[in-house]
$ cat run37.pdb   # PDB, C-alpha atoms
ATOM      1  CA  MET P   1       0.000   0.000   0.000
ATOM      2  CA  VAL P   2       2.825   2.402   0.881
ATOM      3  CA  PHE P   3       4.487   1.932  -2.511
ATOM      4  CA  ILE P   4       1.164   2.418  -4.306
ATOM      5  CA  MET P   5       0.590   5.703  -2.457
ATOM      6  CA  LEU P   6       4.135   6.824  -3.228
ATOM      7  CA  PHE P   7       3.721   6.069  -6.927
ATOM      8  CA  LEU P   8       0.296   7.701  -7.121
ATOM      9  CA  PHE P   9       0.864  10.833  -5.040
ATOM     10  CA  GLY P  10       4.648  11.310  -4.962
ATOM     11  CA  ASN P  11       4.627  13.993  -7.649
ATOM     12  CA  ARG P  12       2.104  16.034  -5.690
ATOM     13  CA  THR P  13       4.028  15.962  -2.403
ATOM     14  CA  GLU P  14       7.569  16.169  -3.802
ATOM     15  CA  LYS P  15       7.925  19.946  -3.426
ATOM     16  CA  ILE P  16       6.584  19.834   0.136
ATOM     17  CA  MET P  17       9.111  17.132   1.042
ATOM     18  CA  ARG P  18      11.994  19.051  -0.496
ATOM     19  CA  ARG P  19      11.081  22.251   1.329
ATOM     20  CA  PHE P  20      10.650  20.443   4.632
ATOM     21  CA  LEU P  21      13.966  18.667   4.160
ATOM     22  CA  GLN P  22      15.701  21.980   3.396
ATOM     23  CA  PHE P  23      14.140  23.559   6.481
ATOM     24  CA  LEU P  24      15.236  20.592   8.598
ATOM     25  CA  PHE P  25      18.783  20.666   7.217
ATOM     26  CA  CYS P  26      19.152  24.415   7.777
ATOM     27  CA  SER P  27      17.757  24.121  11.302
ATOM     28  CA  ILE P  28      20.178  21.342  12.252
ATOM     29  CA  THR P  29      23.276  22.846  10.621
ATOM     30  CA  GLN P  30      22.337  26.494  11.288
ATOM     31  CA  SER P  31      22.869  27.279   7.607
ATOM     32  CA  GLY P  32      20.851  29.035   4.899
ATOM     33  CA  LEU P  33      20.066  32.756   4.676
ATOM     34  CA  GLU P  34      17.496  32.600   7.478
ATOM     35  CA  LYS P  35      19.582  30.687  10.025
ATOM     36  CA  GLY P  36      23.170  30.702   8.774
ATOM     37  CA  VAL P  37      24.042  34.418   8.699
ATOM     38  CA  LYS P  38      25.630  36.492  11.426
ATOM     39  CA  TYR P  39      27.372  39.877  11.229
ATOM     40  CA  ASP P  40      30.850  40.958  12.242
ATOM     41  CA  GLU P  41      31.638  44.158  14.154
ATOM     42  CA  ASN P  42      31.684  46.146  10.886
ATOM     43  CA  GLY P  43      28.285  44.927   9.732
ATOM     44  CA  PHE P  44      29.559  42.442   7.135
ATOM     45  CA  PRO P  45      27.611  39.167   6.898
ATOM     46  CA  LEU P  46      29.329  35.893   7.747
ATOM     47  CA  TYR P  47      27.733  32.744   6.316
ATOM     48  CA  ASN P  48      27.879  29.323   7.941
ATOM     49  CA  TYR P  49      29.175  26.870   5.334
ATOM     50  CA  SER P  50      29.346  24.152   7.984
ATOM     51  CA  SER P  51      31.381  21.210   6.572
ATOM     52  CA  ARG P  52      31.932  20.081   3.005
ATOM     53  CA  ASN P  53      33.443  16.708   2.074
ATOM     54  CA  GLY P  54      34.452  16.162   5.690
ATOM     55  CA  ILE P  55      36.331  19.477   5.947
ATOM     56  CA  PHE P  56      35.027  22.085   8.399
ATOM     57  CA  ILE P  57      34.591  25.555   6.862
ATOM     58  CA  GLY P  58      32.302  27.298   9.341
ATOM     59  CA  TYR P  59      31.406  30.989   9.185
ATOM     60  CA  GLN P  60      33.103  32.813   6.319
ATOM     61  CA  TYR P  61      32.795  36.166   4.624
ATOM     62  CA  ASN P  62      31.598  36.010   1.013
ATOM     63  CA  PRO P  63      30.426  39.182  -0.782
ATOM     64  CA  ILE P  64      27.683  37.247  -2.565
ATOM     65  CA  ILE P  65      25.752  37.018   0.711
ATOM     66  CA  PHE P  66      25.078  40.774   0.574
ATOM     67  CA  CYS P  67      23.751  40.247  -2.950
ATOM     68  CA  TRP P  68      21.465  37.386  -1.923
ATOM     69  CA  LEU P  69      20.113  39.400   1.002
ATOM     70  CA  ALA P  70      19.433  42.350  -1.305
ATOM     71  CA  ASP P  71      17.746  40.099  -3.864
ATOM     72  CA  LYS P  72      15.254  38.928  -1.232
ATOM     73  CA  ILE P  73      14.014  42.478  -0.623
ATOM     74  CA  TYR P  74      14.262  43.963  -4.126
ATOM     75  CA  GLU P  75      11.139  44.767  -6.098
ATOM     76  CA  GLU P  76      11.869  47.113  -8.988
ATOM     77  CA  GLU P  77       8.688  49.180  -8.640
ATOM     78  CA  ASP P  78       7.500  48.323  -5.136
ATOM     79  CA  THR P  79      10.596  48.284  -2.912
ATOM     80  CA  THR P  80       9.836  49.946   0.414
ATOM     81  CA  ASP P  81      11.907  52.930   1.561
ATOM     82  CA  GLU P  82      13.359  50.826   4.373
ATOM     83  CA  ASN P  83      14.455  48.099   1.955
ATOM     84  CA  LYS P  84      15.884  50.679  -0.446
ATOM     85  CA  GLN P  85      18.117  51.984   2.335
ATOM     86  CA  LYS P  86      19.286  48.435   3.086
ATOM     87  CA  ILE P  87      20.140  47.856  -0.571
ATOM     88  CA  TYR P  88      22.089  51.136  -0.729
ATOM     89  CA  GLU P  89      23.919  50.149   2.449
ATOM     90  CA  TYR P  90      24.812  46.723   1.031
ATOM     91  CA  ALA P  91      26.038  48.256  -2.232
ATOM     92  CA  ASP P  92      28.138  50.919  -0.497
ATOM     93  CA  LYS P  93      29.738  48.398   1.850
ATOM     94  CA  LEU P  94      30.644  46.107  -1.052
ATOM     95  CA  ALA P  95      32.080  49.000  -3.046
ATOM     96  CA  LYS P  96      34.179  50.239  -0.123
ATOM     97  CA  ARG P  97      35.601  46.776   0.563
ATOM     98  CA  HIS P  98      36.057  45.419  -2.968
ATOM     99  CA  LEU P  99      36.463  48.418  -5.299
ATOM    100  CA  SER P 100      39.181  50.411  -3.589
ATOM    101  CA  ASP P 101      41.317  50.070  -6.734
ATOM    102  CA  GLU P 102      40.328  50.141 -10.405
ATOM    103  CA  TYR P 103      40.206  46.330 -10.545
ATOM    104  CA  PRO P 104      37.698  44.602  -8.236
ATOM    105  CA  ASP P 105      39.046  42.426  -5.448
ATOM    106  CA  ILE P 106      37.030  39.213  -5.525
ATOM    107  CA  TRP P 107      39.006  36.533  -3.760
ATOM    108  CA  ASN P 108      37.404  33.944  -1.475
ATOM    109  CA  LYS P 109      39.934  32.944   1.147
ATOM    110  CA  PHE P 110      38.133  29.875   2.459
ATOM    111  CA  PRO P 111      38.403  26.374   0.941
ATOM    112  CA  TRP P 112      35.747  24.720  -1.196
ATOM    113  CA  PRO P 113      36.499  20.974  -1.028
ATOM    114  CA  PRO P 114      33.829  19.774  -3.513
ATOM    115  CA  TYR P 115      36.016  21.140  -6.306
ATOM    116  CA  GLY P 116      39.394  20.828  -4.641
ATOM    117  CA  LEU P 117      39.769  24.551  -3.936
ATOM    118  CA  MET P 118      42.019  24.848  -0.906
ATOM    119  CA  ASN P 119      44.128  27.976  -1.497
ATOM    120  CA  GLY P 120      41.571  30.632  -2.366
ATOM    121  CA  TRP P 121      39.534  31.188  -5.509
ATOM    122  CA  THR P 122      37.628  33.729  -7.547
ATOM    123  CA  CYS P 123      33.990  33.556  -8.612
ATOM    124  CA  GLY P 124      32.231  34.817 -11.725
ATOM    125  CA  LEU P 125      28.834  34.424 -10.056
ATOM    126  CA  THR P 126      29.877  36.632  -7.133
ATOM    127  CA  ALA P 127      31.103  39.295  -9.567
ATOM    128  CA  GLY P 128      27.876  39.047 -11.561
ATOM    129  CA  ARG P 129      25.705  39.386  -8.481
ATOM    130  CA  MET P 130      27.719  42.383  -7.265
ATOM    131  CA  LEU P 131      27.278  44.002 -10.668
ATOM    132  CA  GLN P 132      23.552  43.333 -10.485
ATOM    133  CA  LEU P 133      23.311  44.820  -6.978
ATOM    134  CA  PHE P 134      25.000  48.033  -8.109
ATOM    135  CA  VAL P 135      22.650  48.269 -11.106
ATOM    136  CA  ARG P 136      19.599  47.760  -8.935
ATOM    137  CA  ALA P 137      20.791  50.346  -6.416
ATOM    138  CA  TYR P 138      21.043  52.745  -9.364
ATOM    139  CA  LYS P 139      17.545  51.843 -10.601
ATOM    140  CA  LEU P 140      16.107  52.615  -7.181
ATOM    141  CA  SER P 141      18.106  55.797  -6.501
ATOM    142  CA  GLN P 142      19.156  57.162  -9.923
ATOM    143  CA  ASP P 143      22.470  57.896  -8.191
ATOM    144  CA  ASN P 144      25.286  57.636 -10.752
ATOM    145  CA  ARG P 145      27.805  56.483  -8.201
ATOM    146  CA  TYR P 146      26.218  53.045  -8.356
ATOM    147  CA  LEU P 147      26.698  52.912 -12.118
ATOM    148  CA  ASN P 148      30.310  53.914 -11.537
ATOM    149  CA  TYR P 149      30.663  51.009  -9.117
ATOM    150  CA  ALA P 150      29.111  48.691 -11.707
ATOM    151  CA  ALA P 151      31.449  49.864 -14.465
ATOM    152  CA  LYS P 152      34.433  48.885 -12.332
ATOM    153  CA  MET P 153      33.208  45.274 -12.304
ATOM    154  CA  ILE P 154      33.407  44.780 -16.089
ATOM    155  CA  PRO P 155      37.209  44.244 -16.356
ATOM    156  CA  PHE P 156      36.910  41.222 -14.048
ATOM    157  CA  PHE P 157      34.981  39.301 -16.718
ATOM    158  CA  TYR P 158      37.692  40.074 -19.271
ATOM    159  CA  THR P 159      40.370  38.597 -17.016
ATOM    160  CA  ASP P 160      41.418  34.953 -17.361
ATOM    161  CA  ILE P 161      41.422  32.604 -14.384
ATOM    162  CA  LYS P 162      45.230  32.453 -14.274
ATOM    163  CA  ASP P 163      45.232  36.206 -13.603
ATOM    164  CA  LYS P 164      42.610  35.962 -10.823
ATOM    165  CA  GLY P 165      39.642  36.580 -13.081
ATOM    166  CA  CYS P 166      36.873  34.172 -14.064
ATOM    167  CA  ARG P 167      37.055  34.017 -17.867
ATOM    168  CA  VAL P 168      37.597  30.831 -19.844
ATOM    169  CA  VAL P 169      38.184  31.588 -23.524
ATOM    170  CA  ILE P 170      36.731  28.618 -25.399
ATOM    171  CA  ASN P 171      37.277  30.357 -28.733
ATOM    172  CA  ASP P 172      37.035  33.893 -30.132
ATOM    173  CA  ASP P 173      33.218  33.847 -29.996
ATOM    174  CA  GLU P 174      32.610  31.781 -26.838
ATOM    175  CA  TRP P 175      33.624  32.875 -23.345
ATOM    176  CA  TRP P 176      32.686  31.158 -20.091
ATOM    177  CA  TYR P 177      32.552  32.948 -16.720
ATOM    178  CA  GLU P 178      33.393  30.319 -14.127
ATOM    179  CA  GLU P 179      31.773  30.143 -10.694
ATOM    180  CA  TYR P 180      34.597  28.182  -9.038
ATOM    181  CA  ALA P 181      37.696  29.660 -10.644
ATOM    182  CA  SER P 182      41.285  28.852  -9.732
ATOM    183  CA  PRO P 183      44.487  28.087 -11.660
ATOM    184  CA  ASP P 184      44.848  25.032  -9.415
ATOM    185  CA  ILE P 185      41.950  23.106 -10.976
ATOM    186  CA  GLU P 186      40.315  22.495 -14.334
ATOM    187  CA  PRO P 187      37.183  24.655 -14.635
ATOM    188  CA  PRO P 188      34.121  22.622 -13.580
ATOM    189  CA  PHE P 189      31.840  24.768 -15.806
ATOM    190  CA  ILE P 190      28.955  25.254 -13.355
ATOM    191  CA  LEU P 191      25.774  25.718 -15.397
ATOM    192  CA  ASN P 192      23.578  27.747 -13.037
ATOM    193  CA  GLY P 193      26.470  30.033 -12.108
ATOM    194  CA  MET P 194      27.218  30.799 -15.747
ATOM    195  CA  ILE P 195      23.594  31.505 -16.701
ATOM    196  CA  SER P 196      23.092  33.758 -13.672
ATOM    197  CA  THR P 197      26.285  35.666 -14.438
ATOM    198  CA  VAL P 198      25.302  36.304 -18.060
ATOM    199  CA  LEU P 199      21.869  37.510 -16.932
ATOM    200  CA  CYS P 200      23.455  39.906 -14.431
ATOM    201  CA  ILE P 201      25.817  41.346 -17.050
ATOM    202  CA  ASP P 202      22.888  41.738 -19.438
ATOM    203  CA  GLU P 203      20.987  43.710 -16.788
ATOM    204  CA  TYR P 204      23.886  46.176 -16.714
ATOM    205  CA  TYR P 205      24.141  46.212 -20.517
ATOM    206  CA  LYS P 206      20.468  47.106 -20.937
ATOM    207  CA  ILE P 207      20.861  50.077 -18.593
ATOM    208  CA  THR P 208      24.106  51.447 -20.040
ATOM    209  CA  GLY P 209      24.519  50.143 -23.606
ATOM    210  CA  ASP P 210      28.190  49.552 -22.729
ATOM    211  CA  ASP P 211      29.798  47.806 -25.743
ATOM    212  CA  LYS P 212      32.147  45.805 -23.533
ATOM    213  CA  ALA P 213      29.217  44.458 -21.520
ATOM    214  CA  GLY P 214      27.399  43.672 -24.770
ATOM    215  CA  GLU P 215      30.373  41.653 -25.956
ATOM    216  CA  LEU P 216      30.434  39.735 -22.667
ATOM    217  CA  VAL P 217      26.740  38.897 -23.018
ATOM    218  CA  ARG P 218      27.039  37.835 -26.654
ATOM    219  CA  LYS P 219      30.069  35.594 -26.143
ATOM    220  CA  GLY P 220      28.649  34.187 -22.930
ATOM    221  CA  LYS P 221      25.395  33.352 -24.678
ATOM    222  CA  ASN P 222      27.329  31.628 -27.481
ATOM    223  CA  ALA P 223      29.265  29.537 -24.956
ATOM    224  CA  LEU P 224      26.049  28.471 -23.232
ATOM    225  CA  ILE P 225      24.374  27.452 -26.486
ATOM    226  CA  ALA P 226      27.432  25.446 -27.576
ATOM    227  CA  LYS P 227      27.802  23.613 -24.258
ATOM    228  CA  LEU P 228      24.164  22.949 -23.314
ATOM    229  CA  PRO P 229      24.049  19.392 -24.765
ATOM    230  CA  ILE P 230      26.665  18.158 -22.268
ATOM    231  CA  TYR P 231      24.346  19.112 -19.380
ATOM    232  CA  ASP P 232      21.480  16.960 -20.625
ATOM    233  CA  LYS P 233      21.028  13.462 -19.175
ATOM    234  CA  ASP P 234      18.069  12.041 -21.085
ATOM    235  CA  GLY P 235      15.909  14.988 -20.078
ATOM    236  CA  TYR P 236      17.413  15.602 -16.637
ATOM    237  CA  SER P 237      20.263  18.056 -15.983
ATOM    238  CA  TYR P 238      23.818  17.921 -14.764
ATOM    239  CA  TYR P 239      25.059  20.542 -12.311
ATOM    240  CA  ASP P 240      28.472  20.839 -13.964
ATOM    241  CA  SER P 241      30.495  19.508 -16.892
ATOM    242  CA  GLN P 242      31.981  16.768 -14.693
ATOM    243  CA  GLY P 243      28.788  14.737 -14.638
ATOM    244  CA  THR P 244      27.497  15.785 -11.218
ATOM    245  CA  ILE P 245      23.768  15.086 -11.143
ATOM    246  CA  ALA P 246      21.788  18.217 -10.299
ATOM    247  CA  SER P 247      19.682  18.025  -7.170
ATOM    248  CA  PRO P 248      15.935  18.555  -7.743
ATOM    249  CA  TYR P 249      16.364  22.116  -6.452
ATOM    250  CA  TYR P 250      19.025  22.921  -9.030
ATOM    251  CA  HIS P 251      17.166  21.129 -11.814
ATOM    252  CA  TYR P 252      14.106  23.311 -11.197
ATOM    253  CA  TYR P 253      16.426  26.311 -10.896
ATOM    254  CA  HIS P 254      17.932  25.509 -14.327
ATOM    255  CA  ILE P 255      14.418  25.557 -15.777
ATOM    256  CA  GLU P 256      13.697  28.925 -14.140
ATOM    257  CA  LEU P 257      16.981  30.329 -15.465
ATOM    258  CA  PHE P 258      16.037  29.277 -18.999
ATOM    259  CA  ARG P 259      12.783  31.168 -18.545
ATOM    260  CA  ARG P 260      14.769  34.273 -17.604
ATOM    261  CA  LEU P 261      17.134  33.788 -20.548
ATOM    262  CA  GLN P 262      14.164  33.625 -22.883
ATOM    263  CA  SER P 263      12.887  36.873 -21.414
ATOM    264  CA  GLN P 264      16.215  38.739 -21.703
ATOM    265  CA  ILE P 265      18.333  37.156 -24.465
ATOM    266  CA  PRO P 266      16.090  34.582 -26.181
ATOM    267  CA  ASP P 267      17.237  31.653 -28.292
ATOM    268  CA  ASP P 268      15.485  28.507 -29.536
ATOM    269  CA  LYS P 269      17.968  26.321 -27.626
ATOM    270  CA  PHE P 270      16.972  27.880 -24.309
ATOM    271  CA  GLU P 271      13.311  27.300 -25.072
ATOM    272  CA  TYR P 272      14.013  23.697 -26.101
ATOM    273  CA  TYR P 273      15.836  22.756 -22.898
ATOM    274  CA  LYS P 274      13.376  24.634 -20.712
ATOM    275  CA  HIS P 275      10.542  22.440 -22.025
ATOM    276  CA  ARG P 276      12.622  19.254 -22.210
ATOM    277  CA  TRP P 277      13.769  19.502 -18.593
ATOM    278  CA  ALA P 278      10.357  20.637 -17.344
ATOM    279  CA  ASP P 279       8.631  17.747 -19.125
ATOM    280  CA  TYR P 280      11.006  15.286 -17.467
ATOM    281  CA  MET P 281       9.742  16.366 -14.032
ATOM    282  CA  LYS P 282       6.217  15.288 -15.003
ATOM    283  CA  GLN P 283       7.345  11.662 -15.026
ATOM    284  CA  ASN P 284       6.736   9.431 -12.021
ATOM    285  CA  TYR P 285       8.533  10.772  -8.950
ATOM    286  CA  VAL P 286       9.984   7.461  -7.782
ATOM    287  CA  LYS P 287      11.194   6.433 -11.224
ATOM    288  CA  ARG P 288      13.028   9.663 -12.015
ATOM    289  CA  THR P 289      14.526   9.919  -8.523
ATOM    290  CA  LEU P 290      16.025   6.446  -8.780
ATOM    291  CA  SER P 291      17.174   7.145 -12.357
ATOM    292  CA  ASN P 292      19.021  10.337 -11.360
ATOM    293  CA  PRO P 293      19.848  10.043  -7.668
ATOM    294  CA  SER P 294      21.473  12.816  -5.681
ATOM    295  CA  LYS P 295      21.878  13.077  -1.910
ATOM    296  CA  ARG P 296      19.003  15.529  -1.676
ATOM    297  CA  SER P 297      16.641  13.615  -3.957
ATOM    298  CA  ILE P 298      17.234  10.300  -2.149
ATOM    299  CA  ALA P 299      16.743  11.986   1.229
ATOM    300  CA  ALA P 300      13.466  13.480  -0.025
ATOM    301  CA  LEU P 301      12.355  10.077  -1.325
ATOM    302  CA  ILE P 302      13.090   8.435   2.036
ATOM    303  CA  LEU P 303      11.193  11.209   3.804
ATOM    304  CA  SER P 304       8.252  10.693   1.426
ATOM    305  CA  PHE P 305       8.312   6.956   2.127
ATOM    306  CA  VAL P 306       8.187   7.619   5.887
ATOM    307  CA  LEU P 307       5.278  10.026   5.385
ATOM    308  CA  TYR P 308       3.233   7.533   3.380
ATOM    309  CA  LEU P 309       4.146   4.725   5.772
ATOM    310  CA  SER P 310       2.761   6.825   8.617
ATOM    311  CA  ALA P 311      -0.340   7.651   6.567
ATOM    312  CA  ALA P 312      -0.881   3.954   5.786
ATOM    313  CA  GLU P 313      -0.537   3.093   9.474
ATOM    314  CA  ILE P 314      -3.128   5.718  10.426
ATOM    315  CA  ILE P 315      -5.523   4.465   7.738
ATOM    316  CA  TYR P 316      -5.044   0.894   8.972
ATOM    317  CA  LEU P 317      -5.747   1.865  12.589
ATOM    318  CA  ILE P 318      -8.936   3.640  11.527
ATOM    319  CA  VAL P 319     -10.255   1.188   8.945
ATOM    320  CA  PHE P 320      -9.304  -2.163  10.543
ATOM    321  CA  PRO P 321     -11.610  -1.801  13.590
ATOM    322  CA  LEU P 322     -14.516  -0.820  11.302
ATOM    323  CA  ILE P 323     -14.321  -4.022   9.236
ATOM    324  CA  HIS P 324     -14.004  -6.298  12.205
TER     325      HIS P 324
END
$ encode --input "run37.pdb" --output "structure tokens"
Amino acid sequence: MVFIMLFLFGNRTEKIMRRFLQFLFCSITQSGLEKGVKYDENGFPLYNYSSRNGIFIGYQYNPIIFCWLADKIYEEEDTTDENKQKIYEYADKLAKRHLSDEYPDIWNKFPWPPYGLMNGWTCGLTAGRMLQLFVRAYKLSQDNRYLNYAAKMIPFFYTDIKDKGCRVVINDDEWWYEEYASPDIEPPFILNGMISTVLCIDEYYKITGDDKAGELVRKGKNALIAKLPIYDKDGYSYYDSQGTIASPYYHYYHIELFRRLQSQIPDDKFEYYKHRWADYMKQNYVKRTLSNPSKRSIAALILSFVLYLSAAEIIYLIVFPLIH
């Protein structure tokens, strides 16, 4: 009976299980934006990365946390005055700390064991999100200093990884902006990080018409289109070019990012994979989870099994006395 319920109703309860599991994980590990952020004496957020691959990381400063916090309170036409002031504060703090020179200082000093990063690394996604935050602060305030901050970010995307940038030149017309960038490793080509970065640069390009930003968007788009087939696993998605299966969260996030790409810089390939990967999630929950297992998806499946086992037990306790 439990397996029948899981097969019949698993698709309907999957999202609930994933959200509950995420809440449980964040509560236990004190991680996530709600539970895993504290501030130092200067008002900079420290994020609890807990442990990765058996290596303790703990609370670390990462400029992208400011950007995530700002994203949660940004509404282009409906941002409250209080939230506007927070966004300006975040943008000014980032600029003061990371734009003291002409070239932005984006260097994470903590390790990231999943990709073998032990001696510091740069991040295209962090740079993209900072650029986006400056643009949004400008949209809300019309203060040109935020556009000046944003302009200082552009050279970072033109800088190769070996020079502490994030760029991978695939060829003259295809550039990749790597999320986990270090000369010590081969680029893992993180899909969601690349798409998000291109979207952030495009947001700046649409405001300014900066030719350099336009070139970054065009060559980034070309790189995405060329590489998309390697992220497809019979309708499901890989997280990176190394064959890491995307968790359900990141698979759904890939689909959402394709929607945004279609809105900003459309292409038939983006539309194709958006529908292909969305259609895959309509298949039976149990079947697709076992076909493309990740730690999160298996944990959610186990949690679903426990839920339906409990439901079956309750039904049995209610129905059995009535038929006897």
$ resolve_selection --input "run37.pdb" --expression "the PyMOL selection byres ((chain P and resi 216) around 9)" --output "NGL selection string"
:P and (154 or 157-158 or 175 or 198 or 201-202 or 211-215 or 217-221)
$ resolve_selection --input "run37.pdb" --expression "the PyMOL selection byres ((chain P and resi 264) around 12)" --output "ChimeraX atom specification"
/P:195-196,198-206,217-218,221,257-263,265-267,270
$ resolve_selection --input "run37.pdb" --expression "the PyMOL selection byres ((chain P and resi 281) around 10)" --output "list in words"
Asn11, Gly235, Tyr236, Pro248, His251, Tyr252, Arg276, Trp277, Ala278, Asp279, Tyr280, Lys282, Gln283, Asn284, Tyr285, Arg288 and Thr289 of chain P
$ closest_residue --input "run37.pdb" --among "P:Glu89, P:Glu41, P:Glu179, P:Asp143" --to "P:Leu69" --atoms "all atoms listed in the file"
P:Glu89
$ residues_around --input "run37.pdb" --residues "P:Tyr146" --least-positions-apart "5" --cutoff "7 Å" --atoms "only C-alpha atoms" --output "list in words"
Phe134, Val135, Ala137 and Tyr138 of chain P
$ closest_residue --input "run37.pdb" --among "P:Gly165, P:Pro293, P:Gly43, P:Gly124" --to "P:Pro183" --atoms "all atoms listed in the file"
P:Gly165
$ residues_around --input "run37.pdb" --residues "P:Ala299" --least-positions-apart "6" --cutoff "10 Å" --atoms "all atoms listed in the file" --output "list of chain:residue names"
P:Met17, P:Arg18, P:Leu21, P:Pro293, P:Phe305
$ residues_around --input "run37.pdb" --residues "P:Phe189" --least-positions-apart "5" --cutoff "12 Å" --atoms "all atoms listed in the file" --output "number ranges by chain"
P: 115, 123-125, 166-168, 170, 175-182, 194-195, 223-224, 227-228, 230-231, 238-244
$ atom_distance --input "run37.pdb" --atom1 "atom CA of P:Thr159" --atom2 "atom CA of P:Pro111"
21.8 Å
$ residues_around --input "run37.pdb" --residues "P:Glu34" --least-positions-apart "6" --cutoff "10 Å" --atoms "all atoms listed in the file" --output "PyMOL selection string"
chain P and resi 23+26-27+69
$ closest_residue --input "run37.pdb" --among "P:Trp107, P:Thr79, P:Lys162, P:Trp121" --to "P:Leu140" --atoms "only C-alpha atoms"
P:Thr79
$ atom_distance --input "run37.pdb" --atom1 "atom CA of P:Ser237" --atom2 "atom CA of P:Leu131"
27.4 Å
$ atom_distance --input "run37.pdb" --atom1 "atom CA of P:Tyr149" --atom2 "atom CA of P:Asp92"
9.0 Å
$ residues_near_point --input "run37.pdb" --point "(20.9, 13.0, -0.3)" --cutoff "12 Å" --atoms "only C-alpha atoms" --output "list of chain:residue names"
P:Arg18, P:Leu21, P:Gln22, P:Phe25, P:Ile245, P:Ala246, P:Ser247, P:Pro248, P:Tyr249, P:Thr289, P:Leu290, P:Asn292, P:Pro293, P:Ser294, P:Lys295, P:Arg296, P:Ser297, P:Ile298, P:Ala299, P:Ala300, P:Leu301, P:Ile302, P:Leu303
$ closest_residue --input "run37.pdb" --among "P:Lys164, P:Lys96, P:Lys109, P:Arg19" --to "P:Asn62" --atoms "only C-alpha atoms"
P:Lys109
$ closest_residue --input "run37.pdb" --among "P:Ile161, P:Leu94, P:Ile207, P:Leu133" --to "P:Asn42" --atoms "all atoms listed in the file"
P:Leu94
$ residues_around --input "run37.pdb" --residues "P:Asp105" --least-positions-apart "4" --cutoff "10 Å" --atoms "all atoms listed in the file" --output "NGL selection string"
:P and (95 or 97-101 or 122 or 127 or 153 or 156 or 164-165)
$ closest_residue --input "run37.pdb" --among "P:Met130, P:Ile28, P:Asp160, P:Asp184" --to "P:Ala70" --atoms "all atoms listed in the file"
P:Met130
$ build_atoms --input "run37.pdb" --residues "stretch 252-263 of chain P" --atoms "N, CA and C atoms" --output "CSV table (one decimal), in the coordinates of the input"
chain,number,residue,atom,x,y,z
P,252,TYR,N,15.2,22.3,-11.0
P,252,TYR,CA,14.1,23.3,-11.2
P,252,TYR,C,14.7,24.7,-11.4
P,253,TYR,N,15.8,25.0,-10.7
P,253,TYR,CA,16.4,26.3,-10.9
P,253,TYR,C,16.9,26.5,-12.3
P,254,HIS,N,17.5,25.4,-12.9
P,254,HIS,CA,17.9,25.5,-14.3
P,254,HIS,C,16.8,25.9,-15.2
P,255,ILE,N,15.6,25.3,-15.0
P,255,ILE,CA,14.4,25.6,-15.8
P,255,ILE,C,14.0,27.0,-15.6
P,256,GLU,N,14.0,27.5,-14.4
P,256,GLU,CA,13.7,28.9,-14.1
P,256,GLU,C,14.7,29.9,-14.8
P,257,LEU,N,16.0,29.5,-14.8
P,257,LEU,CA,17.0,30.3,-15.5
P,257,LEU,C,16.8,30.4,-17.0
P,258,PHE,N,16.4,29.3,-17.6
P,258,PHE,CA,16.0,29.3,-19.0
P,258,PHE,C,14.9,30.2,-19.3
P,259,ARG,N,13.9,30.2,-18.4
P,259,ARG,CA,12.8,31.2,-18.5
P,259,ARG,C,13.3,32.6,-18.6
P,260,ARG,N,14.2,32.9,-17.7
P,260,ARG,CA,14.8,34.3,-17.6
P,260,ARG,C,15.6,34.6,-18.9
P,261,LEU,N,16.4,33.6,-19.3
P,261,LEU,CA,17.1,33.8,-20.5
P,261,LEU,C,16.2,34.1,-21.7
P,262,GLN,N,15.1,33.4,-21.8
P,262,GLN,CA,14.2,33.6,-22.9
P,262,GLN,C,13.6,35.0,-22.8
P,263,SER,N,13.4,35.5,-21.6
P,263,SER,CA,12.9,36.9,-21.4
P,263,SER,C,13.9,38.0,-21.8
